[in-house]
>>> print(open('work_0.txt').read())   # compact mmCIF, C-alpha atoms
# COMPACT_ATOMS: atom_id res chain seq x y z
CA MET R 904 8.51 -8.97 15.94
CA ASP R 905 7.11 -7.29 19.06
CA PHE R 906 10.66 -6.98 20.38
CA PHE R 907 12.07 -5.50 17.18
CA TRP R 908 9.14 -3.08 16.91
CA SER R 909 9.65 -1.97 20.52
CA LEU R 910 13.25 -1.06 19.63
CA GLY R 911 11.99 1.37 17.00
CA ILE R 912 13.18 -0.69 14.03
CA ARG R 913 11.15 0.27 10.96
CA GLY R 914 11.03 -0.02 7.20
CA ALA R 915 13.27 -2.43 5.33
CA ASP R 916 15.36 -2.95 8.47
CA PHE R 917 12.31 -4.42 10.20
CA PHE R 918 11.93 -7.05 7.48
CA ILE R 919 15.60 -7.97 7.70
CA SER R 920 15.57 -8.14 11.49
CA ALA R 921 12.44 -10.28 11.66
CA ILE R 922 13.35 -12.65 8.85
CA GLY R 923 16.88 -13.30 10.15
CA PRO R 924 15.91 -15.29 13.28
CA ALA R 925 13.35 -17.36 11.37
CA VAL R 926 15.89 -18.38 8.76
CA SER R 927 18.33 -19.14 11.59
CA VAL R 928 15.87 -21.59 13.15
CA PHE R 929 15.18 -23.11 9.74
CA GLY R 930 18.92 -23.67 9.28
CA ARG R 931 19.22 -25.82 12.39
CA TYR R 932 17.64 -28.76 10.61
CA SER R 933 18.84 -30.80 7.68
CA LYS R 934 15.28 -31.05 6.35
CA VAL R 935 12.01 -29.25 7.04
CA TYR R 936 8.61 -30.52 5.92
CA ASN R 937 5.08 -29.25 5.51
CA LEU R 938 2.33 -31.12 7.33
CA ASP R 939 1.56 -33.03 4.14
CA GLY R 940 5.12 -34.35 4.00
CA THR R 941 6.40 -32.14 1.18
CA PRO R 942 9.78 -30.51 1.79
CA VAL R 943 10.08 -26.81 2.56
CA GLY R 944 12.91 -25.02 0.77
CA VAL R 945 14.66 -21.84 1.84
CA ALA R 946 12.67 -19.81 -0.70
CA SER R 947 9.37 -21.12 0.65
CA CYS R 948 10.45 -20.37 4.21
CA TRP R 949 11.44 -16.83 3.18
CA ASN R 950 8.09 -16.24 1.50
CA MET R 951 6.07 -17.52 4.47
CA VAL R 952 8.00 -15.42 6.95
CA GLN R 953 7.78 -12.31 4.79
CA ALA R 954 4.01 -12.78 4.54
CA MET R 955 3.76 -12.94 8.34
CA VAL R 956 6.02 -9.92 8.78
CA SER R 957 3.99 -7.97 6.21
CA GLU R 958 0.72 -8.66 7.99
CA TYR R 959 2.25 -7.71 11.34
CA ALA R 960 3.71 -4.48 9.98
CA LEU R 961 0.44 -3.51 8.29
CA ASP R 962 -1.46 -3.97 11.54
CA ARG R 963 1.00 -1.75 13.41
CA ILE R 964 1.15 0.86 10.65
CA LEU R 965 -2.64 1.05 10.63
CA ASN R 966 -2.76 1.44 14.42
CA GLY R 967 -4.93 -1.59 14.99
CA HIS R 968 -7.31 -0.85 12.11
CA HIS R 969 -5.96 -3.78 10.10
CA ALA R 970 -9.29 -5.57 10.37
CA ARG R 971 -10.96 -2.65 8.60
CA VAL R 972 -8.40 -2.54 5.80
CA GLY R 973 -7.77 -6.28 5.66
CA ALA R 974 -10.37 -6.67 2.95
CA VAL R 975 -8.83 -3.84 0.97
CA ASP R 976 -7.29 -4.93 -2.30
CA ALA R 977 -3.75 -6.25 -2.43
CA PRO R 978 -2.37 -3.41 -4.61
CA THR R 979 -3.38 -0.87 -1.96
CA ARG R 980 -1.79 -2.96 0.77
CA TYR R 981 1.34 -3.23 -1.35
CA TYR R 982 1.49 0.53 -1.91
CA ILE R 983 1.27 1.24 1.83
CA LEU R 984 3.93 -1.27 2.79
CA HIS R 985 6.28 -0.33 -0.04
CA ARG R 986 6.12 3.35 0.91
CA TRP R 987 6.69 2.47 4.56
CA ALA R 988 9.63 0.17 3.92
CA TYR R 989 11.39 1.89 1.02
CA GLY R 990 10.00 5.40 0.67
CA ASP R 991 10.51 6.66 -2.90
CA GLU R 992 13.73 4.74 -3.49
CA LYS R 993 14.22 2.30 -6.33
CA ILE R 994 14.43 -1.27 -5.07
CA PRO R 995 15.64 -4.55 -6.59
CA PHE R 996 13.03 -6.33 -8.67
CA ASP R 997 13.33 -9.43 -6.48
CA ASP R 998 12.46 -7.43 -3.35
CA ALA R 999 9.32 -6.09 -5.01
CA MET R 1000 8.43 -9.58 -6.19
CA ARG R 1001 8.70 -11.09 -2.70
CA LEU R 1002 6.75 -8.27 -1.08
CA SER R 1003 3.96 -8.46 -3.66
CA MET R 1004 3.67 -12.24 -3.21
CA ALA R 1005 3.47 -11.81 0.55
CA LEU R 1006 0.49 -9.49 0.08
CA GLY R 1007 -1.41 -11.66 -2.37
CA THR R 1008 -0.51 -10.10 -5.69
CA ASP R 1009 2.38 -10.24 -8.14
CA VAL R 1010 4.87 -7.72 -9.42
CA SER R 1011 3.84 -8.14 -13.06
CA THR R 1012 0.26 -7.18 -12.24
CA LEU R 1013 1.45 -4.14 -10.30
CA MET R 1014 3.53 -3.02 -13.28
CA GLU R 1015 1.46 -3.94 -16.32
CA ARG R 1016 -2.18 -3.84 -15.20
CA ARG R 1017 -2.15 -1.56 -12.17
CA ASN R 1018 0.59 0.87 -13.21
CA ILE R 1019 1.70 1.14 -9.60
CA LEU R 1020 5.28 0.06 -10.24
CA LYS R 1021 7.69 1.01 -13.00
CA GLN R 1022 10.64 -1.16 -13.90
CA SER R 1023 14.02 0.24 -14.88
CA GLY R 1024 16.57 -2.46 -15.58
CA GLU R 1025 16.82 -4.66 -12.50
CA THR R 1026 15.08 -2.18 -10.21
CA VAL R 1027 11.51 -0.96 -9.76
CA SER R 1028 10.06 2.26 -8.37
CA LEU R 1029 6.66 3.18 -6.96
CA LEU R 1030 4.59 5.71 -8.90
CA ASP R 1031 3.13 8.58 -6.88
CA PRO R 1032 -0.18 10.47 -7.35
CA LYS R 1033 1.36 13.04 -9.70
CA GLN R 1034 2.62 10.27 -11.99
CA ARG R 1035 -0.49 8.10 -11.83
CA GLY R 1036 -2.89 11.03 -11.95
CA LYS R 1037 -2.24 11.27 -15.68
CA LEU R 1038 -4.05 7.95 -16.27
CA ASP R 1039 -7.47 8.70 -17.75
CA ASP R 1040 -9.21 5.70 -16.16
CA LEU R 1041 -7.58 5.94 -12.74
CA GLY R 1042 -10.13 5.23 -10.02
CA LEU R 1043 -12.92 4.31 -12.42
CA PRO R 1044 -14.58 0.87 -12.65
CA ASP R 1045 -13.11 -1.42 -15.30
CA ARG R 1046 -14.99 -2.74 -18.33
CA THR R 1047 -16.62 -5.48 -16.25
CA GLY R 1048 -17.91 -2.97 -13.71
CA LYS R 1049 -15.42 -4.02 -11.03
CA GLN R 1050 -14.63 -1.19 -8.63
CA ALA R 1051 -11.18 0.38 -8.67
CA ASP R 1052 -8.57 -0.30 -6.02
CA VAL R 1053 -8.65 2.00 -3.01
CA ILE R 1054 -5.21 3.43 -3.82
CA ASP R 1055 -6.55 4.35 -7.28
CA LEU R 1056 -9.55 6.10 -5.75
CA LEU R 1057 -7.32 8.00 -3.37
CA GLN R 1058 -4.76 9.05 -5.95
CA ARG R 1059 -7.39 10.26 -8.42
CA ALA R 1060 -9.06 12.19 -5.60
CA VAL R 1061 -5.74 13.76 -4.65
CA SER R 1062 -5.11 14.71 -8.28
CA LEU R 1063 -8.51 16.37 -8.52
CA TRP R 1064 -7.85 18.15 -5.25
CA GLU R 1065 -4.53 19.50 -6.48
CA SER R 1066 -6.11 20.73 -9.70
CA GLY R 1067 -8.67 22.73 -7.72
CA ASP R 1068 -11.65 20.88 -9.20
CA ARG R 1069 -13.65 20.67 -5.98
CA ALA R 1070 -16.98 19.94 -7.66
CA GLY R 1071 -15.40 17.21 -9.78
CA LEU R 1072 -13.77 15.76 -6.69
CA ALA R 1073 -17.07 15.68 -4.80
CA ARG R 1074 -18.81 13.95 -7.72
CA PHE R 1075 -16.00 11.42 -8.07
CA LEU R 1076 -16.04 10.52 -4.37
CA ALA R 1077 -19.83 10.28 -4.31
CA GLU R 1078 -19.97 8.03 -7.36
CA ALA R 1079 -16.76 5.98 -7.53
CA ALA R 1080 -15.95 5.80 -3.81
CA PHE R 1081 -19.48 5.49 -2.45
CA GLY R 1082 -19.48 3.08 0.51
CA ARG R 1083 -15.69 3.06 0.73
CA GLU R 1084 -15.09 6.59 1.99
CA ASP R 1085 -13.78 5.30 5.33
CA GLN R 1086 -11.23 3.10 3.60
CA VAL R 1087 -10.06 5.95 1.39
CA ARG R 1088 -9.69 8.21 4.40
CA LEU R 1089 -7.92 5.51 6.45
CA VAL R 1090 -5.39 4.81 3.70
CA ALA R 1091 -4.79 8.54 3.22
CA GLN R 1092 -4.20 9.09 6.93
CA THR R 1093 -1.97 6.02 7.13
CA LEU R 1094 0.25 7.35 4.35
CA VAL R 1095 0.41 10.76 6.04
CA ASN R 1096 1.56 9.03 9.23
CA ILE R 1097 4.38 7.10 7.57
CA LEU R 1098 5.71 9.66 5.08
CA PRO R 1099 8.40 12.23 5.98
CA ASP R 1100 7.27 15.75 6.88
CA ASP R 1101 8.77 17.24 3.71
CA ASP R 1102 7.36 14.60 1.37
CA GLY R 1103 5.32 16.02 -1.53
CA GLU R 1104 2.76 13.23 -1.46
CA ARG R 1105 2.21 13.77 2.26
CA ARG R 1106 1.47 17.45 1.71
CA LEU R 1107 -1.10 16.60 -0.98
CA LEU R 1108 -2.76 14.04 1.27
CA GLU R 1109 -2.87 16.47 4.17
CA GLY R 1110 -4.58 19.04 1.97
CA PHE R 1111 -7.07 16.46 0.77
CA LEU R 1112 -7.90 15.32 4.31
CA ALA R 1113 -8.32 18.87 5.51
CA GLY R 1114 -10.79 19.73 2.72
CA ARG R 1115 -13.92 20.31 4.76
CA GLU R 1116 -15.23 22.74 2.20
CA LEU R 1117 -16.00 19.76 -0.06
CA ALA R 1118 -19.43 19.61 1.50
CA GLY R 1119 -20.32 22.84 -0.20
CA GLY R 1120 -18.88 21.65 -3.49
CA ALA R 1121 -20.86 18.44 -3.32
CA ALA R 1122 -24.10 20.28 -2.62
CA ALA R 1123 -23.48 22.64 -5.52
CA ALA R 1124 -22.88 19.71 -7.80
CA GLY R 1125 -26.04 17.94 -6.61
CA ALA R 1126 -23.98 15.01 -5.40
CA ILE R 1127 -23.97 13.08 -2.17
CA VAL R 1128 -21.99 14.93 0.48
CA VAL R 1129 -18.88 13.01 1.47
CA ARG R 1130 -17.20 13.79 4.76
CA ILE R 1131 -13.43 13.38 4.40
CA GLY R 1132 -12.06 15.62 7.13
>>> encode(input="work_0.txt", output="structure tokens")
Amino acid sequence: MDFFWSLGIRGADFFISAIGPAVSVFGRYSKVYNLDGTPVGVASCWNMVQAMVSEYALDRILNGHHARVGAVDAPTRYYILHRWAYGDEKIPFDDAMRLSMALGTDVSTLMERRNILKQSGETVSLLDPKQRGKLDDLGLPDRTGKQADVIDLLQRAVSLWESGDRAGLARFLAEAAFGREDQVRLVAQTLVNILPDDDGERRLLEGFLAGRELAGGAAAAGAIVVRIG
């Protein structure tokens, strides 16, 4: 993987390049076993290798900050890696399924509960902040009080930023994202780094990150000041 990365191979091509040699080694043997004696099939090998490749890619994408974001929820990790590998293209359902499994979640959860993916026939597409910003409960704790995923916090914040509601944005960050501001900022900057210059989501994220005047909005709203720039 170090070699492929040094060659500048990125995105979906990186997965293909890294998985190929592993499957080649696997194919040298008539049978492969786990340490407990159970056989390892091609599908299991593929899943294990993709998990390793995903973790490697995330660490490189995050510029060594993987330890800080490692505890971040799986949907956020999926969103980052999907955007890096496939951009805004529709991808086969099976590709999304394997990637989600490698990151500790499943494609059904990402579609039905998280509303991060949308299925269309045999393909799925990633929903951006403009599409997800229409969800009323985006970024808010669920009925059990569990905090929202970091990608939900970020995308609601970006939606509030775009709408011009600076006071509402400051309150939201102070209340819903309290204690996780660094993670929100890290994910935002990571997405800026991997998205094309002319990408609409990148421009929104850049505006959000550059919003130093939020301090004034937070003070006016009587909320905790959140430094995001």
>>> residues_around(input="work_0.txt", residues="region 1003-1005 of chain R", least_positions_apart="3", cutoff="7 Å", atoms="all atoms listed in the file", output="number ranges by chain")
R: 950, 953-954, 957, 981, 999-1000, 1008-1010
>>> closest_residue(input="work_0.txt", among="R:Asp1101, R:Asp1039, R:Asp1045, R:Asp962", to="Leu984 (chain R)", atoms="only C-alpha atoms")
R:Asp962
>>> closest_residue(input="work_0.txt", among="R:Val1095, R:Val935, R:Val1090, R:Ala1080", to="Val975 (chain R)", atoms="all atoms listed in the file")
R:Val1090
>>> residues_around(input="work_0.txt", residues="Glu992 (chain R)", least_positions_apart="6", cutoff="10 Å", atoms="all atoms listed in the file", output="list in words")
His985, Arg986, Thr1026, Val1027, Ser1028 and Leu1029 of chain R
>>> residues_around(input="work_0.txt", residues="Gly990 (chain R)", least_positions_apart="5", cutoff="12 Å", atoms="only C-alpha atoms", output="list of chain:residue names")
R:Arg913, R:Gly914, R:Ala915, R:Tyr982, R:Ile983, R:Leu984, R:His985, R:Ser1028, R:Leu1029, R:Leu1030, R:Asp1031, R:Leu1094, R:Ile1097, R:Leu1098, R:Pro1099, R:Asp1102, R:Gly1103, R:Glu1104, R:Arg1105
>>> residues_around(input="work_0.txt", residues="region 1060-1062 of chain R", least_positions_apart="4", cutoff="9 Å", atoms="all atoms listed in the file", output="ChimeraX atom specification")
/R:1032-1033,1035-1037,1042,1055-1056,1066-1067,1072-1073,1075-1076,1107-1108,1110-1111
>>> write_last_selection(input="work_0.txt", atoms="C-alpha atoms", output="PDB file, in the coordinates of the input")
ATOM      1  CA  PRO R1032      -0.180  10.470  -7.350  1.00  0.00           C
ATOM      2  CA  LYS R1033       1.360  13.040  -9.700  1.00  0.00           C
ATOM      3  CA  ARG R1035      -0.490   8.100 -11.830  1.00  0.00           C
ATOM      4  CA  GLY R1036      -2.890  11.030 -11.950  1.00  0.00           C
ATOM      5  CA  LYS R1037      -2.240  11.270 -15.680  1.00  0.00           C
ATOM      6  CA  GLY R1042     -10.130   5.230 -10.020  1.00  0.00           C
ATOM      7  CA  ASP R1055      -6.550   4.350  -7.280  1.00  0.00           C
ATOM      8  CA  LEU R1056      -9.550   6.100  -5.750  1.00  0.00           C
ATOM      9  CA  SER R1066      -6.110  20.730  -9.700  1.00  0.00           C
ATOM     10  CA  GLY R1067      -8.670  22.730  -7.720  1.00  0.00           C
ATOM     11  CA  LEU R1072     -13.770  15.760  -6.690  1.00  0.00           C
ATOM     12  CA  ALA R1073     -17.070  15.680  -4.800  1.00  0.00           C
ATOM     13  CA  PHE R1075     -16.000  11.420  -8.070  1.00  0.00           C
ATOM     14  CA  LEU R1076     -16.040  10.520  -4.370  1.00  0.00           C
ATOM     15  CA  LEU R1107      -1.100  16.600  -0.980  1.00  0.00           C
ATOM     16  CA  LEU R1108      -2.760  14.040   1.270  1.00  0.00           C
ATOM     17  CA  GLY R1110      -4.580  19.040   1.970  1.00  0.00           C
ATOM     18  CA  PHE R1111      -7.070  16.460   0.770  1.00  0.00           C
TER      19      PHE R1111
END
>>> closest_residue(input="work_0.txt", among="R:Pro942, R:Val956, R:Leu1057, R:Glu1065", to="Ala1091 (chain R)", atoms="only C-alpha atoms")
R:Leu1057
>>> atom_distance(input="work_0.txt", atom1="CA of Ala946 (chain R)", atom2="CA of Ala988 (chain R)")
20.7 Å
>>> residues_around(input="work_0.txt", residues="region 924-927 of chain R", least_positions_apart="2", cutoff="8 Å", atoms="only C-alpha atoms", output="list in words")
Ser920, Ala921, Ile922, Phe929, Gly930, Arg931, Val945, Cys948, Trp949 and Val952 of chain R
>>> atom_distance(input="work_0.txt", atom1="CA of Val1087 (chain R)", atom2="CA of Arg1059 (chain R)")
11.0 Å
>>> atom_distance(input="work_0.txt", atom1="CA of Ile1054 (chain R)", atom2="CA of Glu958 (chain R)")
17.9 Å
>>> closest_residue(input="work_0.txt", among="R:Asn1096, R:Ser1023, R:Thr1012, R:Ser947", to="Ile994 (chain R)", atoms="all atoms listed in the file")
R:Ser1023
